[in-house]
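Next up, model_25.txt (compact mmCIF, C-alpha atoms and all ligand atoms):
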```
# COMPACT_ATOMS: atom_id res chain seq x y z
CA MET E 1 -30.39 0.68 -18.31
CA ASP E 2 -30.44 1.27 -14.57
CA HIS E 3 -26.99 2.29 -13.34
CA SER E 4 -28.04 3.11 -9.80
CA ALA E 5 -26.17 0.07 -8.43
CA ASP E 6 -22.97 1.69 -9.69
CA GLN E 7 -23.29 4.69 -7.39
CA PRO E 8 -21.32 3.37 -4.40
CA ALA E 9 -18.67 2.07 -6.78
CA ALA E 10 -18.42 5.47 -8.43
CA GLN E 11 -17.79 6.99 -5.01
CA ALA E 12 -14.94 4.75 -3.83
CA ALA E 13 -13.33 3.46 -7.04
CA PRO E 14 -11.49 6.68 -7.98
CA ARG E 15 -9.62 6.52 -4.67
CA ILE E 16 -8.39 2.96 -5.20
CA ARG E 17 -5.29 2.47 -7.37
CA ILE E 18 -3.84 -0.80 -8.60
CA VAL E 19 -0.04 -0.68 -8.49
CA LEU E 20 1.99 -3.17 -10.55
CA VAL E 21 5.63 -3.35 -9.46
CA GLY E 22 8.41 -4.33 -11.87
CA THR E 23 6.11 -6.14 -14.31
CA GLN E 24 8.16 -8.20 -16.74
CA HIS E 25 5.59 -9.13 -19.42
CA PRO E 26 3.80 -6.20 -21.06
CA GLY E 27 0.89 -8.53 -21.88
CA ASN E 28 0.22 -8.83 -18.15
CA ILE E 29 -0.10 -5.05 -17.88
CA GLY E 30 -2.73 -5.12 -20.64
CA SER E 31 -4.60 -8.05 -19.08
CA ALA E 32 -4.53 -6.34 -15.68
CA ALA E 33 -6.01 -3.18 -17.23
CA ARG E 34 -8.79 -5.26 -18.76
CA ALA E 35 -9.42 -7.04 -15.44
CA MET E 36 -9.67 -3.67 -13.71
CA LYS E 37 -11.95 -2.03 -16.25
CA THR E 38 -14.50 -4.85 -16.15
CA MET E 39 -14.79 -4.22 -12.41
CA GLY E 40 -15.10 -0.46 -12.57
CA LEU E 41 -11.55 0.37 -11.49
CA SER E 42 -9.62 2.87 -13.58
CA ARG E 43 -6.43 3.94 -11.79
CA LEU E 44 -3.45 1.93 -12.95
CA VAL E 45 -0.02 2.82 -11.57
CA LEU E 46 3.17 1.18 -12.83
CA VAL E 47 6.44 1.03 -10.92
CA ALA E 48 9.52 0.44 -13.07
CA PRO E 49 7.83 -1.79 -15.67
CA GLU E 50 10.40 -3.68 -17.79
CA ARG E 51 8.70 -2.82 -21.10
CA PHE E 52 6.01 -0.16 -21.32
CA PRO E 53 4.39 1.18 -23.43
CA HIS E 54 4.31 -1.94 -25.62
CA PRO E 55 2.02 -3.31 -28.37
CA GLU E 56 1.41 -6.51 -26.38
CA ALA E 57 0.03 -4.49 -23.49
CA ARG E 58 -2.33 -2.76 -25.88
CA ALA E 59 -3.37 -6.02 -27.57
CA LEU E 60 -4.25 -7.73 -24.28
CA ALA E 61 -6.00 -4.65 -22.87
CA ALA E 62 -8.71 -5.35 -25.48
CA GLY E 63 -10.46 -2.03 -25.24
CA ALA E 64 -9.14 -0.98 -21.85
CA ASP E 65 -6.54 1.19 -23.63
CA ASP E 66 -7.82 4.26 -21.81
CA LEU E 67 -6.41 2.81 -18.56
CA LEU E 68 -3.02 2.26 -20.22
CA ASP E 69 -3.04 5.82 -21.60
CA ALA E 70 -3.85 7.24 -18.18
CA ALA E 71 -1.40 4.97 -16.28
CA THR E 72 1.29 6.79 -14.34
CA VAL E 73 4.82 5.39 -14.17
CA HIS E 74 7.12 5.74 -11.15
CA ALA E 75 10.71 4.68 -10.50
CA GLY E 76 9.97 3.24 -7.03
CA LEU E 77 7.03 2.05 -4.93
CA ALA E 78 7.45 4.75 -2.25
CA ALA E 79 6.73 7.51 -4.78
CA ALA E 80 3.76 5.60 -6.20
CA VAL E 81 2.04 5.36 -2.79
CA ALA E 82 3.31 8.56 -1.11
CA ASP E 83 -0.17 10.09 -0.81
CA CYS E 84 -1.90 6.83 0.20
CA THR E 85 -3.39 6.21 3.60
CA LEU E 86 -3.84 2.47 3.13
CA VAL E 87 -1.36 0.31 1.21
CA LEU E 88 -1.91 -3.45 0.87
CA GLY E 89 0.56 -5.79 -0.85
CA CYS E 90 -0.61 -8.96 -2.61
CA THR E 91 1.62 -11.93 -2.04
CA ALA E 92 1.59 -15.46 -3.38
CA ARG E 93 3.50 -16.66 -0.33
CA SER E 94 1.28 -16.97 2.71
CA ARG E 95 2.60 -16.13 6.17
CA ARG E 96 6.17 -15.70 4.96
CA VAL E 97 5.95 -11.94 5.39
CA PRO E 98 6.02 -10.12 8.75
CA LEU E 99 2.75 -8.31 8.05
CA PRO E 100 -0.84 -8.77 9.18
CA GLU E 101 -2.37 -10.93 6.46
CA SER E 102 -5.93 -11.02 5.18
CA GLY E 103 -7.87 -12.79 2.47
CA PRO E 104 -9.26 -11.03 -0.61
CA ARG E 105 -12.79 -10.50 0.74
CA GLU E 106 -11.75 -9.05 4.06
CA ALA E 107 -9.12 -6.87 2.35
CA ALA E 108 -11.64 -5.61 -0.20
CA ALA E 109 -14.08 -4.63 2.56
CA ALA E 110 -11.34 -2.71 4.36
CA MET E 111 -10.20 -0.97 1.15
CA HIS E 112 -13.73 -0.02 0.22
CA ALA E 113 -14.50 1.36 3.68
CA HIS E 114 -11.26 3.33 3.66
CA ALA E 115 -11.82 4.81 0.20
CA ALA E 116 -15.49 5.58 0.89
CA ALA E 117 -14.37 7.51 4.00
CA GLY E 118 -12.08 9.67 1.84
CA GLY E 119 -8.76 7.80 2.14
CA GLU E 120 -6.43 7.00 -0.76
CA VAL E 121 -5.87 3.26 -1.20
CA ALA E 122 -3.16 1.33 -3.06
CA LEU E 123 -3.34 -2.38 -3.84
CA VAL E 124 0.13 -3.51 -4.84
CA PHE E 125 1.13 -6.52 -6.98
CA GLY E 126 4.65 -7.88 -7.42
CA ARG E 127 6.87 -9.17 -10.21
CA GLU E 128 5.97 -12.36 -12.07
CA ARG E 129 9.18 -14.13 -11.06
CA THR E 130 9.94 -12.84 -7.60
CA GLY E 131 6.90 -10.99 -6.24
CA LEU E 132 7.47 -8.00 -3.94
CA ASP E 133 10.81 -7.60 -2.18
CA ASN E 134 11.16 -6.97 1.56
CA ASP E 135 11.68 -3.22 1.22
CA GLU E 136 8.48 -2.99 -0.82
CA LEU E 137 6.55 -5.06 1.75
CA GLN E 138 7.87 -2.70 4.45
CA LEU E 139 5.88 0.07 2.77
CA CYS E 140 2.62 -1.90 3.13
CA HIS E 141 0.20 -1.80 6.04
CA GLY E 142 -0.82 -5.38 5.39
CA ALA E 143 -0.54 -8.35 3.05
CA VAL E 144 -3.32 -9.95 1.01
CA HIS E 145 -3.11 -13.61 0.11
CA ILE E 146 -5.57 -15.44 -2.15
CA PRO E 147 -5.88 -18.81 -0.38
CA ALA E 148 -5.18 -20.87 -3.49
CA ASP E 149 -4.07 -24.52 -3.41
CA PRO E 150 -1.02 -24.45 -1.08
CA GLY E 151 0.80 -26.83 -3.43
CA TYR E 152 0.37 -24.42 -6.38
CA SER E 153 -0.57 -21.05 -4.96
CA SER E 154 0.97 -18.57 -7.39
CA LEU E 155 -1.62 -17.08 -9.78
CA ASN E 156 -0.76 -15.31 -12.99
CA LEU E 157 -0.36 -11.60 -12.16
CA ALA E 158 -3.42 -10.44 -14.14
CA ALA E 159 -5.49 -13.33 -12.74
CA ALA E 160 -4.60 -12.16 -9.21
CA VAL E 161 -5.62 -8.61 -10.18
CA GLN E 162 -8.93 -10.01 -11.48
CA VAL E 163 -9.71 -11.83 -8.22
CA LEU E 164 -9.03 -8.74 -6.11
CA ALA E 165 -10.79 -6.40 -8.57
CA TRP E 166 -13.89 -8.60 -8.39
CA GLU E 167 -13.85 -8.63 -4.59
CA LEU E 168 -13.54 -4.84 -4.63
CA ARG E 169 -16.46 -4.63 -7.02
CA ALA E 170 -18.56 -6.87 -4.79
CA ALA E 171 -17.64 -4.79 -1.72
CA MET E 172 -18.47 -1.56 -3.52
CA LEU E 173 -21.82 -2.81 -4.77
CA ALA E 174 -22.77 -4.15 -1.34
CA GLY E 175 -21.13 -1.50 0.75
CA GLY E 176 -23.01 1.74 0.25
CA SER E 177 -21.43 4.94 1.41
CA ALA E 178 -18.98 6.02 4.10
CA PRO E 179 -19.23 4.27 7.47
CA ALA E 180 -21.24 6.09 10.12
CA GLY E 181 -19.62 7.50 13.22
CA ALA E 182 -17.96 10.64 14.47
CA PRO E 183 -16.00 12.52 11.81
CA ARG E 184 -12.28 11.76 12.15
CA ASP E 185 -9.23 13.71 11.22
CA PRO E 186 -7.93 12.63 7.85
CA PRO E 187 -5.73 9.52 7.97
CA ALA E 188 -1.99 10.20 7.74
CA SER E 189 -0.51 9.71 4.29
CA HIS E 190 2.38 7.41 3.61
CA ALA E 191 4.73 10.37 3.23
CA GLU E 192 3.62 11.74 6.63
CA LEU E 193 4.26 8.36 8.25
CA GLU E 194 7.68 8.12 6.60
CA GLY E 195 8.46 11.54 8.13
CA LEU E 196 7.46 10.18 11.55
CA PHE E 197 9.61 7.06 11.05
CA ALA E 198 12.64 9.13 10.01
CA GLN E 199 12.29 11.30 13.12
CA LEU E 200 11.78 8.21 15.28
CA ALA E 201 15.01 6.69 13.91
CA ASP E 202 16.90 9.92 14.65
CA THR E 203 15.44 10.05 18.14
CA LEU E 204 16.36 6.45 18.95
CA ASP E 205 19.95 7.29 17.95
CA ALA E 206 19.88 10.45 20.05
CA ILE E 207 18.73 8.60 23.18
CA ASP E 208 21.15 5.71 22.47
CA PHE E 209 18.29 3.21 22.35
CA HIS E 210 20.19 0.67 20.24
CA LYS E 211 23.33 0.50 22.40
CA GLY E 212 25.49 -0.79 19.60
CA ARG E 213 22.90 -3.18 18.15
CA ALA E 214 21.88 -2.82 14.51
CA PRO E 215 18.83 -0.50 14.40
CA GLU E 216 16.97 -2.29 11.57
CA SER E 217 15.17 -4.94 13.61
CA ALA E 218 13.76 -2.51 16.18
CA MET E 219 12.74 -0.07 13.46
CA ARG E 220 10.93 -2.81 11.54
CA LYS E 221 8.93 -3.74 14.65
CA LEU E 222 8.16 -0.13 15.51
CA ARG E 223 7.00 0.55 11.95
CA ARG E 224 4.60 -2.40 12.26
CA ILE E 225 3.13 -1.03 15.49
CA TYR E 226 2.55 2.43 14.04
CA LEU E 227 1.21 1.16 10.70
CA ARG E 228 -1.21 -1.13 12.55
CA ALA E 229 -2.51 1.82 14.55
CA GLY E 230 -4.00 3.57 11.49
CA LEU E 231 -2.82 7.01 12.67
CA ASP E 232 -4.55 10.20 11.57
CA VAL E 233 -2.72 13.45 10.80
CA ARG E 234 -3.31 14.93 14.24
CA GLU E 235 -1.97 11.80 15.97
CA VAL E 236 1.17 11.94 13.83
CA ARG E 237 1.64 15.59 14.82
CA LEU E 238 1.28 14.63 18.51
CA LEU E 239 3.83 11.80 18.25
CA ARG E 240 6.28 14.04 16.37
CA GLY E 241 5.88 16.62 19.15
CA VAL E 242 6.81 13.97 21.73
CA LEU E 243 9.85 12.96 19.65
CA ALA E 244 10.93 16.58 19.21
CA ASP E 245 10.92 17.00 23.00
CA ALA E 246 12.86 13.74 23.47
CA GLN E 247 15.43 14.99 20.93
CA ARG E 248 15.67 18.31 22.77
CA MET E 249 16.19 16.58 26.12
CA ALA E 250 18.85 14.31 24.60
CA ARG E 251 20.70 17.38 23.33
CA LEU E 252 20.45 18.90 26.81
CA ALA E 253 21.75 15.74 28.45
CA ARG E 254 24.76 15.82 26.14
CA GLY E 255 25.33 19.36 27.36
CA GLY E 256 24.82 20.89 23.94
CA GLY E 257 22.14 23.02 22.32
CA ASP E 258 19.51 25.23 23.77
CA ALA E 259 16.75 23.37 25.60
CA SER E 260 14.17 25.96 24.58
CA GLU E 261 14.74 25.52 20.80
N1 LIG D 1 6.98 -16.26 -7.88
C1 LIG D 1 6.35 -15.16 -7.28
C2 LIG D 1 4.90 -15.12 -7.70
C3 LIG D 1 4.61 -13.87 -8.33
S1 LIG D 1 3.05 -13.87 -9.10
C4 LIG D 1 6.40 -15.27 -5.77
O1 LIG D 1 6.67 -16.33 -5.28
O2 LIG D 1 6.14 -14.29 -5.07
C5 LIG D 1 2.91 -12.13 -9.38
C6 LIG D 1 2.10 -11.39 -8.37
O3 LIG D 1 0.73 -11.80 -8.41
C7 LIG D 1 2.52 -11.55 -6.92
O4 LIG D 1 3.59 -10.72 -6.56
C8 LIG D 1 1.23 -11.16 -6.21
O5 LIG D 1 1.14 -9.75 -6.13
C9 LIG D 1 0.16 -11.71 -7.13
N2 LIG D 1 -0.29 -13.06 -6.71
C10 LIG D 1 -0.08 -14.23 -7.33
N3 LIG D 1 -0.63 -15.25 -6.64
C11 LIG D 1 -1.21 -14.69 -5.54
C12 LIG D 1 -1.94 -15.20 -4.42
N4 LIG D 1 -2.20 -16.52 -4.27
N5 LIG D 1 -2.38 -14.31 -3.51
C13 LIG D 1 -2.15 -12.99 -3.62
N6 LIG D 1 -1.45 -12.46 -4.64
C14 LIG D 1 -1.00 -13.29 -5.60
```
The structure given in the file should be rewritten as structure tokens.
Amino acid sequence: MDHSADQPAAQAAPRIRIVLVGTQHPGNIGSAARAMKTMGLSRLVLVAPERFPHPEARALAAGADDLLDAATVHAGLAAAVADCTLVLGCTARSRRVPLPESGPREAAAAMHAHAAAGGEVALVFGRERTGLDNDELQLCHGAVHIPADPGYSSLNLAAAVQVLAWELRAAMLAGGSAPAGAPRDPPASHAELEGLFAQLADTLDAIDFHKGRAPESAMRKLRRIYLRAGLDVREVRLLRGVLADAQRMARLARGGGDASE
């Protein structure tokens, strides 16, 4: 059999992980593994599953047990995506989240391009009953919505995984290798961006940006701006250098510290 068409998929697929958050029914974990394996995806990551491992997961995996055996389990989403440079959250509720939203095809093309260029990609799915919560969506660069019938738009979890896994497969088969263009610095990981956000929050306090207002709303908007920018590691270093100087000047203005620290 000719497997040459699988080559692009083989290149990008190992850098794309499917993350299931708080899954309630173990059967859905098995069905999601099966959906992934048929489309050449193998990295399953579970965040606080209610019941796992479980015989129902194994029964519904129907031969995709190797994905269940290799699945990693994390207590929270942040740890599961810490090394990722692109994180997309799938949501059944269109336009109710403050994130740039795309459809499955567009999202799959972006994920494939990102992974083929060497980035680590996470595609995140929520709980059967309640989806992803706001804190989890805050960790995502964008939302993906399958434009199902608006009157009945919530797919079964594993069915949603199947739709996205197929679109990824199609993008990988059509897409070829890494996009052309000048070599870039590696994209910043989630953990690196969280470091930037923590320093930004400290700096805003130090320069009294909030003036008594609650900081959450401004931080949410600033996070969106920086996540949208697709920063690379060098850009994050530059921004952190700017913040470090602002922090130093704020200390000086308060009459404390050594300005040359
Ligand atoms: N009642 C939940 C639906 C959860 S369905 C809610 O209102 O959010 C379980 C998961 O499957 C969702 O969190 C999402 O990740 C995925 N999903 C279901 N339908 C989807 C759709 N139309 N588009 C994108 N993802 C969907």
>> Tell me which residues come within 10 Å of (0.5, 12.7, 8.2), as a ChimeraX atom specification, counting all atoms listed in the file in the file's coordinates.
In response: /E:83,85,186-196,231-237
Please identify every residue of chain E that has at least one atom no farther than 7 Å from an atom of ligand LIG 1 (chain D), counting only C-alpha atoms and all ligand atoms, and for each give the shortest atom pair and the distance in Å to one decimal, arranged by chain then increasing number, as a tab-separated table.
```
residue	atom	partner	partner_atom	distance
E:Gly89	CA	D:LIG1	O5	6.6
E:Cys90	CA	D:LIG1	O5	4.0
E:Thr91	CA	D:LIG1	N6	4.1
E:Ala92	CA	D:LIG1	C11	3.6
E:Arg93	CA	D:LIG1	O1	5.9
E:Val124	CA	D:LIG1	O5	6.5
E:Phe125	CA	D:LIG1	O5	3.3
E:Gly126	CA	D:LIG1	O4	3.2
E:Arg127	CA	D:LIG1	C5	5.0
E:Glu128	CA	D:LIG1	C5	4.1
E:Arg129	CA	D:LIG1	N1	4.4
E:Thr130	CA	D:LIG1	C1	4.3
E:Gly131	CA	D:LIG1	O4	3.3
E:Leu132	CA	D:LIG1	O4	5.4
E:Val144	CA	D:LIG1	C13	5.7
E:His145	CA	D:LIG1	N5	3.8
E:Ile146	CA	D:LIG1	N5	3.6
E:Pro147	CA	D:LIG1	N4	5.8
E:Ala148	CA	D:LIG1	N4	5.3
E:Ser153	CA	D:LIG1	N4	4.9
E:Ser154	CA	D:LIG1	N3	3.8
E:Leu155	CA	D:LIG1	N3	3.8
E:Asn156	CA	D:LIG1	S1	5.6
E:Leu157	CA	D:LIG1	O3	3.9
E:Ala160	CA	D:LIG1	N2	5.1
```
>> My list of candidates is E:Arg251, E:Asp245, E:Ser94, E:Gln138. Which is closest to Gly151 in chain E when distances are computed with only C-alpha atoms?
In response: E:Ser94
>> One decimal, in Å: what's the spacing between CA of Ala80 in chain E and CA of Ala165 in chain E?
In response: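 Taking CA of Ala80 in chain E and CA of Ala165 in chain E, their separation equals 19.0 Å.
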> With distances taken over all atoms listed in the file, which of E:His141, E:Leu41, E:Met36, E:Leu46 is nearest to Thr23 in chain E?
Replying inline: E:Leu46
> Mind listing as an MDAnalysis selection string all residues within 10 Å of (17.0, 14.6, 22.7), counting all atoms listed in the file?
Replying inline: chainID E and resid 202:208 243:254 257 259
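Candidate residues E:Ala62, E:Ala171, E:Ala214, E:Ala75 were compared for distance to Met111 in chain E, and the nearest is E:Ala171, using only C-alpha atoms.
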Each side padded by 3 Å, which centre and which edge lengths in Å (one decimal) define the axis-aligned box around the listed atoms of range 214-223 of chain E? Give them as lines of an AutoDock Vina configuration file.
```
center_x = 14.4
center_y = -2.2
center_z = 13.9
size_x = 20.9
size_y = 11.5
size_z = 10.6
```
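Residues lying within 7 Å of Ala108 in chain E, counting all atoms listed in the file and ignoring same-chain neighbours fewer than 3 positions away, are E:Pro104, E:Arg105, E:Met111, E:His112, E:Glu167, E:Leu168, E:Ala171.
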>> Measuring between all atoms listed in the file, which one of E:Arg240, E:Arg17, E:Arg220, E:Arg228 shows the shortest distance to Ala115 in chain E?
In response: E:Arg17
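Minimum atom-to-atom distances from E:Leu20, E:Ala109, E:Ala12, E:Val97 to Thr72 in chain E were compared using all atoms listed in the file, and the lowest value belongs to E:Leu20.
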> Which residue gives the smallest distance to Pro14 in chain E among E:Val87, E:Met219, E:Leu44, E:Ala198, with only C-alpha atoms counted?
Replying inline: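 Nearest to Pro14 in chain E: E:Leu44.
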>> As an exercise, work out the distance from CA of Ala13 in chain E to CA of Ala116 in chain E in Å and give it to one decimal place.
In response: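 Computing it gives 8.5 Å between the two atoms.
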>> Just the number, please: distance in Å from CA of Ser102 in chain E to CA of Met39 in chain E, one decimal.
In response: 20.8 Å
>> Just want the 8 Å neighbourhood of Pro26 in chain E, counted on only C-alpha atoms, with same-chain residues fewer than 5 positions away dropped. Output as a ChimeraX atom specification.
In response: /E:50-54,56-57
Completion of range 26-45 of chain E up to N, CA and C atoms, as an mmCIF file, in the frame of the given file:
```cif
data_model
loop_
_atom_site.group_PDB
_atom_site.id
_atom_site.type_symbol
_atom_site.label_atom_id
_atom_site.label_comp_id
_atom_site.auth_asym_id
_atom_site.auth_seq_id
_atom_site.Cartn_x
_atom_site.Cartn_y
_atom_site.Cartn_z
ATOM 1 N N PRO E 26 4.744 -7.287 -20.774
ATOM 2 C CA PRO E 26 3.800 -6.200 -21.060
ATOM 3 C C PRO E 26 2.375 -6.712 -21.244
ATOM 4 N N GLY E 27 2.236 -7.966 -21.726
ATOM 5 C CA GLY E 27 0.890 -8.530 -21.880
ATOM 6 C C GLY E 27 0.149 -8.561 -20.552
ATOM 7 N N ASN E 28 0.863 -8.808 -19.468
ATOM 8 C CA ASN E 28 0.220 -8.830 -18.150
ATOM 9 C C ASN E 28 -0.306 -7.462 -17.752
ATOM 10 N N ILE E 29 0.384 -6.412 -18.196
ATOM 11 C CA ILE E 29 -0.100 -5.050 -17.880
ATOM 12 C C ILE E 29 -1.432 -4.824 -18.609
ATOM 13 N N GLY E 30 -1.488 -5.259 -19.876
ATOM 14 C CA GLY E 30 -2.730 -5.120 -20.640
ATOM 15 C C GLY E 30 -3.860 -5.933 -20.028
ATOM 16 N N SER E 31 -3.566 -7.189 -19.676
ATOM 17 C CA SER E 31 -4.600 -8.050 -19.080
ATOM 18 C C SER E 31 -5.070 -7.504 -17.735
ATOM 19 N N ALA E 32 -4.139 -6.923 -16.970
ATOM 20 C CA ALA E 32 -4.530 -6.340 -15.680
ATOM 21 C C ALA E 32 -5.450 -5.141 -15.899
ATOM 22 N N ALA E 33 -5.148 -4.338 -16.928
ATOM 23 C CA ALA E 33 -6.010 -3.180 -17.230
ATOM 24 C C ALA E 33 -7.417 -3.657 -17.584
ATOM 25 N N ARG E 34 -7.483 -4.722 -18.380
ATOM 26 C CA ARG E 34 -8.790 -5.260 -18.760
ATOM 27 C C ARG E 34 -9.538 -5.779 -17.525
ATOM 28 N N ALA E 35 -8.813 -6.506 -16.674
ATOM 29 C CA ALA E 35 -9.420 -7.040 -15.440
ATOM 30 C C ALA E 35 -9.974 -5.908 -14.594
ATOM 31 N N MET E 36 -9.229 -4.812 -14.514
ATOM 32 C CA MET E 36 -9.670 -3.670 -13.710
ATOM 33 C C MET E 36 -10.924 -3.031 -14.302
ATOM 34 N N LYS E 37 -10.866 -2.792 -15.623
ATOM 35 C CA LYS E 37 -11.950 -2.030 -16.250
ATOM 36 C C LYS E 37 -13.288 -2.768 -16.150
ATOM 37 N N THR E 38 -13.245 -4.095 -16.267
ATOM 38 C CA THR E 38 -14.500 -4.850 -16.150
ATOM 39 C C THR E 38 -15.119 -4.674 -14.761
ATOM 40 N N MET E 39 -14.303 -4.344 -13.777
ATOM 41 C CA MET E 39 -14.790 -4.220 -12.410
ATOM 42 C C MET E 39 -14.912 -2.762 -11.955
ATOM 43 N N GLY E 40 -14.840 -1.866 -12.897
ATOM 44 C CA GLY E 40 -15.100 -0.460 -12.570
ATOM 45 C C GLY E 40 -13.935 0.261 -11.912
ATOM 46 N N LEU E 41 -12.733 -0.308 -12.027
ATOM 47 C CA LEU E 41 -11.550 0.370 -11.490
ATOM 48 C C LEU E 41 -10.797 1.016 -12.651
ATOM 49 N N SER E 42 -10.250 2.198 -12.443
ATOM 50 C CA SER E 42 -9.620 2.870 -13.580
ATOM 51 C C SER E 42 -8.212 3.381 -13.315
ATOM 52 N N ARG E 43 -7.749 3.324 -12.067
ATOM 53 C CA ARG E 43 -6.430 3.940 -11.790
ATOM 54 C C ARG E 43 -5.320 2.900 -11.741
ATOM 55 N N LEU E 44 -4.559 2.862 -12.831
ATOM 56 C CA LEU E 44 -3.450 1.930 -12.950
ATOM 57 C C LEU E 44 -2.142 2.691 -12.753
ATOM 58 N N VAL E 45 -1.306 2.182 -11.857
ATOM 59 C CA VAL E 45 -0.020 2.820 -11.570
ATOM 60 C C VAL E 45 1.073 1.772 -11.777
#
```
